[in-house]
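upload36.cif follows; it contains mmCIF, N, CA and C atoms.
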data_data
loop_
_atom_site.label_atom_id
_atom_site.label_comp_id
_atom_site.auth_asym_id
_atom_site.auth_seq_id
_atom_site.Cartn_x
_atom_site.Cartn_y
_atom_site.Cartn_z
N MET A 1 -36.94 8.78 -52.56
CA MET A 1 -37.04 8.57 -51.14
C MET A 1 -36.21 9.60 -50.40
N LYS A 2 -36.75 10.09 -49.29
CA LYS A 2 -36.02 11.03 -48.45
C LYS A 2 -35.84 10.42 -47.08
N LEU A 3 -34.64 10.53 -46.54
CA LEU A 3 -34.30 10.03 -45.22
C LEU A 3 -33.98 11.24 -44.34
N THR A 4 -34.72 11.40 -43.25
CA THR A 4 -34.54 12.54 -42.36
C THR A 4 -33.96 12.07 -41.03
N PHE A 5 -32.81 12.63 -40.65
CA PHE A 5 -32.17 12.29 -39.40
C PHE A 5 -32.46 13.35 -38.35
N LYS A 6 -32.55 12.91 -37.11
CA LYS A 6 -32.67 13.82 -35.97
C LYS A 6 -31.51 13.54 -35.04
N LYS A 7 -30.75 14.59 -34.71
CA LYS A 7 -29.64 14.45 -33.77
C LYS A 7 -30.20 14.48 -32.35
N LEU A 8 -29.90 13.44 -31.58
CA LEU A 8 -30.29 13.38 -30.17
C LEU A 8 -29.16 13.89 -29.28
N SER A 9 -28.03 14.15 -29.90
CA SER A 9 -26.85 14.71 -29.23
C SER A 9 -26.20 15.68 -30.20
N ASP A 10 -25.71 16.80 -29.68
CA ASP A 10 -25.00 17.76 -30.53
C ASP A 10 -23.76 17.15 -31.16
N LYS A 11 -23.20 16.11 -30.52
CA LYS A 11 -21.98 15.47 -31.01
C LYS A 11 -22.24 14.43 -32.10
N ALA A 12 -23.50 14.08 -32.33
CA ALA A 12 -23.84 13.03 -33.31
C ALA A 12 -23.38 13.44 -34.71
N VAL A 13 -23.00 12.42 -35.49
CA VAL A 13 -22.54 12.61 -36.86
C VAL A 13 -23.58 12.02 -37.80
N ILE A 14 -24.05 12.83 -38.75
CA ILE A 14 -25.05 12.35 -39.72
C ILE A 14 -24.36 11.35 -40.66
N PRO A 15 -24.94 10.17 -40.88
CA PRO A 15 -24.34 9.18 -41.78
C PRO A 15 -24.14 9.74 -43.19
N SER A 16 -23.04 9.30 -43.80
CA SER A 16 -22.74 9.72 -45.18
C SER A 16 -21.97 8.62 -45.88
N ARG A 17 -21.94 8.73 -47.21
CA ARG A 17 -21.21 7.76 -48.03
C ARG A 17 -19.75 8.20 -48.16
N ALA A 18 -18.84 7.23 -48.08
CA ALA A 18 -17.41 7.54 -48.21
C ALA A 18 -17.07 7.93 -49.65
N THR A 19 -17.75 7.32 -50.63
CA THR A 19 -17.54 7.65 -52.03
C THR A 19 -18.90 7.74 -52.72
N ALA A 20 -18.94 8.32 -53.88
CA ALA A 20 -20.20 8.48 -54.61
C ALA A 20 -20.85 7.13 -54.92
N GLY A 21 -20.05 6.08 -55.10
CA GLY A 21 -20.57 4.77 -55.43
C GLY A 21 -20.80 3.85 -54.24
N SER A 22 -20.56 4.33 -53.03
CA SER A 22 -20.75 3.49 -51.84
C SER A 22 -22.23 3.17 -51.65
N ALA A 23 -22.53 1.90 -51.45
CA ALA A 23 -23.92 1.49 -51.19
C ALA A 23 -24.34 1.91 -49.79
N GLY A 24 -23.43 1.80 -48.83
CA GLY A 24 -23.75 2.08 -47.44
C GLY A 24 -23.33 3.47 -47.01
N MET A 25 -24.10 4.00 -46.07
CA MET A 25 -23.78 5.27 -45.43
C MET A 25 -23.14 4.94 -44.08
N ASP A 26 -21.96 5.47 -43.83
CA ASP A 26 -21.24 5.15 -42.60
C ASP A 26 -21.93 5.74 -41.39
N ILE A 27 -22.09 4.91 -40.35
CA ILE A 27 -22.67 5.32 -39.07
C ILE A 27 -21.53 5.45 -38.07
N CYS A 28 -21.52 6.56 -37.34
CA CYS A 28 -20.44 6.85 -36.40
C CYS A 28 -20.88 6.70 -34.95
N ALA A 29 -19.91 6.35 -34.11
CA ALA A 29 -20.14 6.27 -32.66
C ALA A 29 -20.31 7.67 -32.10
N CYS A 30 -21.21 7.80 -31.14
CA CYS A 30 -21.43 9.08 -30.44
C CYS A 30 -21.14 8.84 -28.97
N LEU A 31 -19.91 9.14 -28.57
CA LEU A 31 -19.43 8.77 -27.24
C LEU A 31 -18.89 9.98 -26.47
N ASP A 32 -19.07 9.94 -25.15
CA ASP A 32 -18.47 10.94 -24.28
C ASP A 32 -17.04 10.56 -23.95
N GLU A 33 -16.76 9.27 -23.96
CA GLU A 33 -15.41 8.76 -23.70
C GLU A 33 -15.23 7.47 -24.48
N PRO A 34 -14.00 7.08 -24.80
CA PRO A 34 -13.77 5.85 -25.56
C PRO A 34 -14.33 4.62 -24.84
N VAL A 35 -14.73 3.62 -25.64
CA VAL A 35 -15.24 2.35 -25.12
C VAL A 35 -14.32 1.24 -25.63
N THR A 36 -13.77 0.45 -24.71
CA THR A 36 -12.88 -0.65 -25.09
C THR A 36 -13.63 -1.97 -25.00
N LEU A 37 -13.59 -2.70 -26.12
CA LEU A 37 -14.19 -4.03 -26.16
C LEU A 37 -13.08 -5.06 -26.01
N ALA A 38 -13.21 -5.89 -24.99
CA ALA A 38 -12.28 -7.00 -24.81
C ALA A 38 -12.64 -8.09 -25.82
N PRO A 39 -11.74 -9.04 -26.09
CA PRO A 39 -12.10 -10.15 -26.97
C PRO A 39 -13.38 -10.83 -26.49
N ASN A 40 -14.27 -11.12 -27.43
CA ASN A 40 -15.57 -11.77 -27.19
C ASN A 40 -16.58 -10.90 -26.44
N GLU A 41 -16.28 -9.64 -26.24
CA GLU A 41 -17.21 -8.75 -25.52
C GLU A 41 -18.15 -8.07 -26.51
N ILE A 42 -19.40 -7.89 -26.08
CA ILE A 42 -20.42 -7.17 -26.85
C ILE A 42 -20.77 -5.91 -26.08
N ARG A 43 -20.83 -4.78 -26.78
CA ARG A 43 -21.23 -3.51 -26.17
C ARG A 43 -22.18 -2.78 -27.13
N MET A 44 -23.17 -2.14 -26.55
CA MET A 44 -24.09 -1.32 -27.33
C MET A 44 -23.48 0.07 -27.45
N ILE A 45 -23.21 0.48 -28.68
CA ILE A 45 -22.56 1.76 -28.93
C ILE A 45 -23.62 2.76 -29.41
N PRO A 46 -23.79 3.87 -28.70
CA PRO A 46 -24.78 4.85 -29.12
C PRO A 46 -24.35 5.62 -30.37
N THR A 47 -25.35 6.06 -31.14
CA THR A 47 -25.09 6.87 -32.33
C THR A 47 -25.54 8.31 -32.15
N GLY A 48 -26.40 8.55 -31.17
CA GLY A 48 -26.93 9.90 -30.97
C GLY A 48 -27.93 10.30 -32.04
N LEU A 49 -28.46 9.32 -32.77
CA LEU A 49 -29.33 9.59 -33.91
C LEU A 49 -30.62 8.79 -33.86
N THR A 50 -31.60 9.31 -34.52
CA THR A 50 -32.79 8.58 -34.91
C THR A 50 -33.13 9.09 -36.30
N ALA A 51 -34.02 8.38 -37.01
CA ALA A 51 -34.32 8.79 -38.38
C ALA A 51 -35.69 8.29 -38.81
N GLU A 52 -36.14 8.87 -39.91
CA GLU A 52 -37.37 8.38 -40.54
C GLU A 52 -37.25 8.54 -42.05
N SER A 53 -37.92 7.64 -42.74
CA SER A 53 -38.02 7.69 -44.19
C SER A 53 -39.39 8.25 -44.54
N ASP A 54 -39.49 8.85 -45.70
CA ASP A 54 -40.81 9.32 -46.14
C ASP A 54 -41.60 8.19 -46.81
N CYS A 55 -41.05 6.97 -46.79
CA CYS A 55 -41.72 5.80 -47.34
C CYS A 55 -41.93 4.77 -46.23
N ALA A 56 -43.17 4.29 -46.07
CA ALA A 56 -43.48 3.32 -45.03
C ALA A 56 -42.94 1.92 -45.35
N ASP A 57 -42.57 1.69 -46.62
CA ASP A 57 -42.09 0.36 -47.01
C ASP A 57 -40.57 0.30 -47.12
N VAL A 58 -39.88 1.09 -46.27
CA VAL A 58 -38.42 1.10 -46.25
C VAL A 58 -37.95 0.77 -44.84
N ALA A 59 -37.02 -0.18 -44.72
CA ALA A 59 -36.36 -0.47 -43.46
C ALA A 59 -34.92 -0.01 -43.58
N MET A 60 -34.35 0.40 -42.47
CA MET A 60 -32.94 0.78 -42.45
C MET A 60 -32.16 -0.45 -42.00
N LEU A 61 -31.40 -1.04 -42.91
CA LEU A 61 -30.60 -2.21 -42.58
C LEU A 61 -29.19 -1.74 -42.23
N ILE A 62 -28.70 -2.23 -41.10
CA ILE A 62 -27.38 -1.83 -40.61
C ILE A 62 -26.45 -3.03 -40.69
N TYR A 63 -25.37 -2.84 -41.43
CA TYR A 63 -24.40 -3.89 -41.70
C TYR A 63 -23.05 -3.55 -41.07
N PRO A 64 -22.19 -4.57 -40.86
CA PRO A 64 -20.83 -4.30 -40.38
C PRO A 64 -20.03 -3.55 -41.44
N ARG A 65 -18.99 -2.90 -41.00
CA ARG A 65 -18.03 -2.31 -41.94
C ARG A 65 -16.97 -3.37 -42.21
N SER A 66 -16.69 -3.63 -43.49
CA SER A 66 -15.79 -4.72 -43.84
C SER A 66 -14.38 -4.50 -43.31
N GLY A 67 -13.89 -3.28 -43.26
CA GLY A 67 -12.55 -3.01 -42.75
C GLY A 67 -12.41 -3.36 -41.28
N LEU A 68 -13.42 -3.01 -40.47
CA LEU A 68 -13.36 -3.35 -39.05
C LEU A 68 -13.40 -4.86 -38.83
N SER A 69 -14.22 -5.54 -39.61
CA SER A 69 -14.35 -6.99 -39.40
C SER A 69 -13.13 -7.75 -39.90
N THR A 70 -12.57 -7.37 -41.03
CA THR A 70 -11.44 -8.12 -41.57
C THR A 70 -10.11 -7.76 -40.92
N LYS A 71 -9.94 -6.51 -40.52
CA LYS A 71 -8.66 -6.10 -39.93
C LYS A 71 -8.61 -6.31 -38.42
N TYR A 72 -9.76 -6.16 -37.74
CA TYR A 72 -9.75 -6.19 -36.28
C TYR A 72 -10.68 -7.24 -35.67
N GLY A 73 -11.52 -7.88 -36.47
CA GLY A 73 -12.46 -8.86 -35.95
C GLY A 73 -13.66 -8.23 -35.26
N VAL A 74 -13.93 -6.96 -35.52
CA VAL A 74 -15.04 -6.25 -34.89
C VAL A 74 -16.20 -6.20 -35.86
N SER A 75 -17.35 -6.71 -35.41
CA SER A 75 -18.52 -6.83 -36.27
C SER A 75 -19.78 -6.51 -35.47
N LEU A 76 -20.93 -6.75 -36.07
CA LEU A 76 -22.19 -6.58 -35.37
C LEU A 76 -22.57 -7.87 -34.67
N ALA A 77 -23.02 -7.78 -33.44
CA ALA A 77 -23.40 -8.97 -32.68
C ALA A 77 -24.63 -9.63 -33.29
N ASN A 78 -25.48 -8.85 -33.94
CA ASN A 78 -26.70 -9.41 -34.54
C ASN A 78 -26.58 -9.57 -36.05
N CYS A 79 -25.40 -9.56 -36.57
CA CYS A 79 -25.09 -9.73 -38.01
C CYS A 79 -25.63 -8.59 -38.86
N VAL A 80 -26.94 -8.40 -38.88
CA VAL A 80 -27.55 -7.27 -39.59
C VAL A 80 -28.61 -6.68 -38.68
N GLY A 81 -28.53 -5.38 -38.44
CA GLY A 81 -29.54 -4.70 -37.64
C GLY A 81 -30.69 -4.23 -38.52
N VAL A 82 -31.90 -4.27 -37.97
CA VAL A 82 -33.07 -3.83 -38.70
C VAL A 82 -33.73 -2.70 -37.91
N VAL A 83 -33.83 -1.52 -38.54
CA VAL A 83 -34.55 -0.41 -37.95
C VAL A 83 -35.86 -0.29 -38.72
N ASP A 84 -36.96 -0.61 -38.06
CA ASP A 84 -38.27 -0.56 -38.70
C ASP A 84 -38.68 0.87 -39.01
N SER A 85 -39.54 1.03 -40.02
CA SER A 85 -39.94 2.36 -40.48
C SER A 85 -40.68 3.17 -39.41
N ASP A 86 -41.25 2.51 -38.41
CA ASP A 86 -41.99 3.24 -37.38
C ASP A 86 -41.21 3.42 -36.08
N TYR A 87 -39.92 3.05 -36.04
CA TYR A 87 -39.10 3.20 -34.83
C TYR A 87 -38.53 4.61 -34.78
N ARG A 88 -38.66 5.29 -33.64
CA ARG A 88 -38.16 6.65 -33.50
C ARG A 88 -37.18 6.82 -32.34
N GLY A 89 -36.76 5.72 -31.72
CA GLY A 89 -35.79 5.82 -30.63
C GLY A 89 -34.37 5.92 -31.15
N GLU A 90 -33.44 6.13 -30.23
CA GLU A 90 -32.03 6.25 -30.61
C GLU A 90 -31.53 4.93 -31.19
N TRP A 91 -30.67 5.05 -32.18
CA TRP A 91 -30.02 3.89 -32.78
C TRP A 91 -28.78 3.54 -31.97
N PHE A 92 -28.67 2.27 -31.60
CA PHE A 92 -27.49 1.74 -30.94
C PHE A 92 -26.92 0.64 -31.83
N ILE A 93 -25.61 0.51 -31.86
CA ILE A 93 -24.94 -0.49 -32.68
C ILE A 93 -24.32 -1.54 -31.75
N PRO A 94 -24.80 -2.80 -31.81
CA PRO A 94 -24.24 -3.85 -30.94
C PRO A 94 -22.95 -4.42 -31.53
N LEU A 95 -21.82 -3.89 -31.10
CA LEU A 95 -20.54 -4.36 -31.61
C LEU A 95 -20.03 -5.53 -30.79
N ILE A 96 -19.40 -6.49 -31.48
CA ILE A 96 -18.74 -7.61 -30.83
C ILE A 96 -17.30 -7.67 -31.33
N ASN A 97 -16.40 -7.97 -30.41
CA ASN A 97 -14.99 -8.10 -30.75
C ASN A 97 -14.65 -9.59 -30.88
N HIS A 98 -14.56 -10.06 -32.12
CA HIS A 98 -14.17 -11.44 -32.39
C HIS A 98 -12.65 -11.59 -32.44
N GLY A 99 -11.95 -10.48 -32.30
CA GLY A 99 -10.49 -10.50 -32.39
C GLY A 99 -9.84 -11.03 -31.11
N SER A 100 -8.51 -11.08 -31.14
CA SER A 100 -7.76 -11.61 -29.99
C SER A 100 -7.19 -10.49 -29.10
N ARG A 101 -7.41 -9.23 -29.50
CA ARG A 101 -6.91 -8.08 -28.73
C ARG A 101 -8.05 -7.12 -28.44
N ASP A 102 -7.86 -6.31 -27.39
CA ASP A 102 -8.83 -5.26 -27.09
C ASP A 102 -8.97 -4.34 -28.30
N PHE A 103 -10.18 -3.80 -28.47
CA PHE A 103 -10.43 -2.84 -29.54
C PHE A 103 -11.13 -1.64 -28.93
N THR A 104 -10.61 -0.45 -29.18
CA THR A 104 -11.18 0.76 -28.60
C THR A 104 -11.97 1.54 -29.65
N VAL A 105 -13.22 1.83 -29.30
CA VAL A 105 -14.11 2.63 -30.14
C VAL A 105 -14.05 4.06 -29.60
N GLU A 106 -13.80 5.00 -30.50
CA GLU A 106 -13.71 6.40 -30.11
C GLU A 106 -14.86 7.19 -30.74
N HIS A 107 -15.14 8.34 -30.14
CA HIS A 107 -16.20 9.20 -30.68
C HIS A 107 -15.91 9.53 -32.15
N GLY A 108 -16.94 9.44 -32.97
CA GLY A 108 -16.81 9.78 -34.39
C GLY A 108 -16.30 8.64 -35.25
N MET A 109 -15.88 7.52 -34.64
CA MET A 109 -15.39 6.38 -35.42
C MET A 109 -16.54 5.78 -36.23
N ARG A 110 -16.25 5.45 -37.49
CA ARG A 110 -17.25 4.80 -38.35
C ARG A 110 -17.32 3.33 -37.96
N ILE A 111 -18.48 2.91 -37.41
CA ILE A 111 -18.59 1.58 -36.81
C ILE A 111 -19.55 0.64 -37.54
N ALA A 112 -20.36 1.15 -38.43
CA ALA A 112 -21.34 0.32 -39.16
C ALA A 112 -21.74 1.09 -40.41
N GLN A 113 -22.57 0.45 -41.23
CA GLN A 113 -23.06 1.14 -42.43
C GLN A 113 -24.54 0.88 -42.61
N LEU A 114 -25.23 1.90 -43.08
CA LEU A 114 -26.67 1.89 -43.25
C LEU A 114 -27.03 1.76 -44.72
N ILE A 115 -27.92 0.82 -45.03
CA ILE A 115 -28.43 0.68 -46.39
C ILE A 115 -29.96 0.64 -46.31
N PRO A 116 -30.63 1.75 -46.67
CA PRO A 116 -32.09 1.72 -46.69
C PRO A 116 -32.55 0.72 -47.75
N THR A 117 -33.56 -0.08 -47.41
CA THR A 117 -33.99 -1.17 -48.27
C THR A 117 -35.51 -1.26 -48.32
N LYS A 118 -36.05 -1.41 -49.53
CA LYS A 118 -37.48 -1.62 -49.69
C LYS A 118 -37.87 -2.95 -49.06
N VAL A 119 -39.04 -2.97 -48.44
CA VAL A 119 -39.55 -4.16 -47.78
C VAL A 119 -40.87 -4.57 -48.42
N ILE A 120 -41.03 -5.86 -48.63
CA ILE A 120 -42.29 -6.39 -49.17
C ILE A 120 -43.14 -6.86 -47.99
N PHE A 121 -44.38 -6.40 -47.93
CA PHE A 121 -45.32 -6.82 -46.89
C PHE A 121 -46.32 -7.78 -47.52
N PRO A 122 -46.05 -9.10 -47.43
CA PRO A 122 -46.89 -10.07 -48.13
C PRO A 122 -48.24 -10.28 -47.44
N GLU A 123 -49.20 -10.69 -48.22
CA GLU A 123 -50.46 -11.18 -47.69
C GLU A 123 -50.18 -12.61 -47.22
N VAL A 124 -50.53 -12.95 -46.00
CA VAL A 124 -50.23 -14.27 -45.45
C VAL A 124 -51.46 -15.17 -45.56
N GLU A 125 -51.21 -16.38 -46.03
CA GLU A 125 -52.27 -17.37 -46.18
C GLU A 125 -51.77 -18.68 -45.59
N VAL A 126 -52.66 -19.46 -45.03
CA VAL A 126 -52.31 -20.77 -44.47
C VAL A 126 -52.96 -21.85 -45.32
N SER A 127 -52.18 -22.91 -45.62
CA SER A 127 -52.69 -24.00 -46.46
C SER A 127 -52.16 -25.34 -45.94
N ASP A 128 -52.87 -26.41 -46.25
CA ASP A 128 -52.41 -27.74 -45.89
C ASP A 128 -51.43 -28.31 -46.90
N SER A 129 -51.27 -27.64 -48.06
CA SER A 129 -50.36 -28.15 -49.08
C SER A 129 -49.71 -27.00 -49.84
N LEU A 130 -48.56 -27.29 -50.42
CA LEU A 130 -47.84 -26.35 -51.27
C LEU A 130 -47.60 -27.04 -52.61
N THR A 131 -47.23 -26.27 -53.63
CA THR A 131 -46.98 -26.87 -54.94
C THR A 131 -45.73 -27.75 -54.88
N GLU A 132 -45.68 -28.78 -55.71
CA GLU A 132 -44.53 -29.68 -55.81
C GLU A 132 -43.45 -29.00 -56.65
N THR A 133 -42.16 -29.24 -56.29
CA THR A 133 -41.03 -28.75 -57.08
C THR A 133 -40.03 -29.87 -57.29
N GLU A 134 -39.10 -29.67 -58.21
CA GLU A 134 -38.07 -30.67 -58.46
C GLU A 134 -37.24 -30.92 -57.20
N ARG A 135 -36.92 -29.87 -56.47
CA ARG A 135 -36.11 -29.99 -55.26
C ARG A 135 -36.90 -30.60 -54.10
N GLY A 136 -38.14 -30.26 -54.00
CA GLY A 136 -38.96 -30.78 -52.91
C GLY A 136 -38.46 -30.32 -51.56
N SER A 137 -38.28 -31.25 -50.62
CA SER A 137 -37.86 -30.91 -49.27
C SER A 137 -36.34 -31.08 -49.08
N GLY A 138 -35.59 -31.24 -50.19
CA GLY A 138 -34.13 -31.37 -50.08
C GLY A 138 -33.54 -30.13 -49.44
N GLY A 139 -32.86 -30.31 -48.32
CA GLY A 139 -32.35 -29.17 -47.56
C GLY A 139 -30.85 -28.96 -47.71
N PHE A 140 -30.21 -28.66 -46.62
CA PHE A 140 -28.79 -28.30 -46.59
C PHE A 140 -27.93 -29.33 -47.30
N GLY A 141 -27.22 -28.89 -48.33
CA GLY A 141 -26.30 -29.76 -49.06
C GLY A 141 -26.95 -30.67 -50.09
N SER A 142 -28.26 -30.58 -50.24
CA SER A 142 -28.95 -31.51 -51.14
C SER A 142 -28.61 -31.28 -52.62
N SER A 143 -28.12 -30.08 -52.94
CA SER A 143 -27.80 -29.81 -54.36
C SER A 143 -26.32 -30.01 -54.65
N GLY A 144 -25.56 -30.49 -53.67
CA GLY A 144 -24.13 -30.76 -53.88
C GLY A 144 -23.26 -29.58 -53.50
N ILE A 145 -21.98 -29.71 -53.88
CA ILE A 145 -20.99 -28.66 -53.54
C ILE A 145 -20.80 -27.75 -54.73
#
As structure tokens - that is how I would like this structure written.
Amino acid sequence: MKLTFKKLSDKAVIPSRATAGSAGMDICACLDEPVTLAPNEIRMIPTGLTAESDCADVAMLIYPRSGLSTKYGVSLANCVGVVDSDYRGEWFIPLINHGSRDFTVEHGMRIAQLIPTKVIFPEVEVSDSLTETERGSGGFGSSGI
């Protein structure tokens, strides 16, 4: 698989892995000036990038960076972002500050991570019945702790 990025700003930073074994490629903020998130505030942070895969069955999944979330309470407002294979607009990262102090995002700061993921496109069928299973309709907590 090949992933091709297009810079929409000269200041944009192409995502890369911090180490050879990193699953995610770090995505950086592309800012003209710092952005401060107050506690409980959500802001859309531009990346200055768009991209495409050479495979139609790949989505770009965007996850929080564990260091930002555990040290500062800064995460993604939508938990996991999904960039569809046919989207060509600029990528924005919806950051939320769950912390108790202001958090400032600066240009070039690594704010999220990208993991390209294969997607299954199922054939959809409608039926009045499904097969029986041992679990059946047992939902939340039905299998114990």
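Separating atom N of Glu33 in chain A from atom N of Ser75 in chain A is a distance of 19.7 Å.
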### Message
Once the PyMOL selection byres ((chain A and resi 92) around 7) has been evaluated on this model, what residues remain selected, and can you format them as number ranges by chain?
### Response
A: 44-48, 89-91, 93-95
### Message
Running the PyMOL selection byres ((chain A and resi 25) around 7) on this model by hand, what would come out? Give it as a VMD selection string.
### Response
chain A and resid 15 to 18 22 to 24 26 to 27 112 to 116
Write a file of the selected residues as an mmCIF file, in the frame of the given file, keeping N, CA and C atoms.
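Output file again-v5.cif follows:
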data_model
loop_
_atom_site.group_PDB
_atom_site.id
_atom_site.type_symbol
_atom_site.label_atom_id
_atom_site.label_comp_id
_atom_site.auth_asym_id
_atom_site.auth_seq_id
_atom_site.Cartn_x
_atom_site.Cartn_y
_atom_site.Cartn_z
ATOM 1 N N PRO A 15 -24.940 10.170 -40.880
ATOM 2 C CA PRO A 15 -24.340 9.180 -41.780
ATOM 3 C C PRO A 15 -24.140 9.740 -43.190
ATOM 4 N N SER A 16 -23.040 9.300 -43.800
ATOM 5 C CA SER A 16 -22.740 9.720 -45.180
ATOM 6 C C SER A 16 -21.970 8.620 -45.880
ATOM 7 N N ARG A 17 -21.940 8.730 -47.210
ATOM 8 C CA ARG A 17 -21.210 7.760 -48.030
ATOM 9 C C ARG A 17 -19.750 8.200 -48.160
ATOM 10 N N ALA A 18 -18.840 7.230 -48.080
ATOM 11 C CA ALA A 18 -17.410 7.540 -48.210
ATOM 12 C C ALA A 18 -17.070 7.930 -49.650
ATOM 13 N N SER A 22 -20.560 4.330 -53.030
ATOM 14 C CA SER A 22 -20.750 3.490 -51.840
ATOM 15 C C SER A 22 -22.230 3.170 -51.650
ATOM 16 N N ALA A 23 -22.530 1.900 -51.450
ATOM 17 C CA ALA A 23 -23.920 1.490 -51.190
ATOM 18 C C ALA A 23 -24.340 1.910 -49.790
ATOM 19 N N GLY A 24 -23.430 1.800 -48.830
ATOM 20 C CA GLY A 24 -23.750 2.080 -47.440
ATOM 21 C C GLY A 24 -23.330 3.470 -47.010
ATOM 22 N N ASP A 26 -21.960 5.470 -43.830
ATOM 23 C CA ASP A 26 -21.240 5.150 -42.600
ATOM 24 C C ASP A 26 -21.930 5.740 -41.390
ATOM 25 N N ILE A 27 -22.090 4.910 -40.350
ATOM 26 C CA ILE A 27 -22.670 5.320 -39.070
ATOM 27 C C ILE A 27 -21.530 5.450 -38.070
ATOM 28 N N ALA A 112 -20.360 1.150 -38.430
ATOM 29 C CA ALA A 112 -21.340 0.320 -39.160
ATOM 30 C C ALA A 112 -21.740 1.090 -40.410
ATOM 31 N N GLN A 113 -22.570 0.450 -41.230
ATOM 32 C CA GLN A 113 -23.060 1.140 -42.430
ATOM 33 C C GLN A 113 -24.540 0.880 -42.610
ATOM 34 N N LEU A 114 -25.230 1.900 -43.080
ATOM 35 C CA LEU A 114 -26.670 1.890 -43.250
ATOM 36 C C LEU A 114 -27.030 1.760 -44.720
ATOM 37 N N ILE A 115 -27.920 0.820 -45.030
ATOM 38 C CA ILE A 115 -28.430 0.680 -46.390
ATOM 39 C C ILE A 115 -29.960 0.640 -46.310
ATOM 40 N N PRO A 116 -30.630 1.750 -46.670
ATOM 41 C CA PRO A 116 -32.090 1.720 -46.690
ATOM 42 C C PRO A 116 -32.550 0.720 -47.750
#
Using all atoms listed in the file, tabulate the residues of range 19-73 of chain A lying at most 6 Å from any atom of range 103-109 of chain A, each with its closest atom pair and that distance in Å to one decimal, by chain and increasing residue number, as JSON lines.
{"residue": "A:Ile27", "atom": "C", "partner": "A:Met109", "partner_atom": "C", "distance": 5.3}
{"residue": "A:Cys28", "atom": "CA", "partner": "A:Met109", "partner_atom": "C", "distance": 4.0}
{"residue": "A:Ala29", "atom": "C", "partner": "A:Gly108", "partner_atom": "N", "distance": 3.9}
{"residue": "A:Cys30", "atom": "N", "partner": "A:Gly108", "partner_atom": "N", "distance": 4.9}
{"residue": "A:Leu31", "atom": "N", "partner": "A:His107", "partner_atom": "CA", "distance": 4.3}
{"residue": "A:Glu33", "atom": "C", "partner": "A:His107", "partner_atom": "N", "distance": 5.7}
{"residue": "A:Pro34", "atom": "CA", "partner": "A:Val105", "partner_atom": "C", "distance": 4.4}
{"residue": "A:Val35", "atom": "C", "partner": "A:Val105", "partner_atom": "N", "distance": 3.9}
{"residue": "A:Thr36", "atom": "CA", "partner": "A:Thr104", "partner_atom": "CA", "distance": 4.1}
{"residue": "A:Leu37", "atom": "N", "partner": "A:Phe103", "partner_atom": "C", "distance": 3.9}
{"residue": "A:Ala38", "atom": "N", "partner": "A:Phe103", "partner_atom": "N", "distance": 5.1}
{"residue": "A:Pro39", "atom": "N", "partner": "A:Phe103", "partner_atom": "N", "distance": 6.0}
### Query
Could you spell out the hits of the PyMOL selection byres ((chain A and resi 57-59) around 5) on the shown file, as an MDAnalysis selection string?
chainID A and resid 55:56 60:61 83 85 116:119
### Query
Where in chain A does DSSP assign strand (DSSP E or B), given as a ChimeraX atom specification?
/A:3-7,16,25-28,35-37,42-46,49-53,58-63,74-76,81-83,92-97,103-105,110-118
### Task
Kindly give the distance, in Å, that separates CA of Ile14 in chain A and CA of Gly81 in chain A, rounded to a single decimal.
17.8 Å
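The shortest atom-to-atom distance to Ile96 in chain A, with all atoms listed in the file taken into account, belongs to A:Asn78 out of A:Ser127, A:Asn78, A:Ser137, A:Ser143.
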### Message
From (-36.2, 9.9, -42.6), in the file's coordinates, out to 5 Å: which residues are reached, counting only N, CA and C atoms? Answer as a PyMOL selection string.
### Response
chain A and resi 2-5+51-54
### Message
I need the residues of chain A that end up classed as alpha helix (DSSP H) by DSSP on the backbone, written out as a ChimeraX atom specification.
### Response
/A:66-72
Using the file's own x, y and z axes, what box holds all listed atoms of range 62-80 of chain A with 3 Å on each side, keeping edges along x, y and z, and what are its centre and edge lengths in Å to one decimal, as lines of an AutoDock Vina configuration file?
center_x = -18.7
center_y = -5.8
center_z = -38.3
size_x = 26.1
size_y = 13.9
size_z = 17.2
### Message
Taking (-7.7, -11.0, -32.1) as a centre in this file's frame and 7 Å as the limit, can you find every polymer residue with an atom that close, using all atoms listed in the file, and give them as number ranges by chain?
### Response
A: 39, 72-73, 98-102
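When atom C of Ile42 in chain A is paired with atom N of Ala77 in chain A, their separation reads 7.9 Å.
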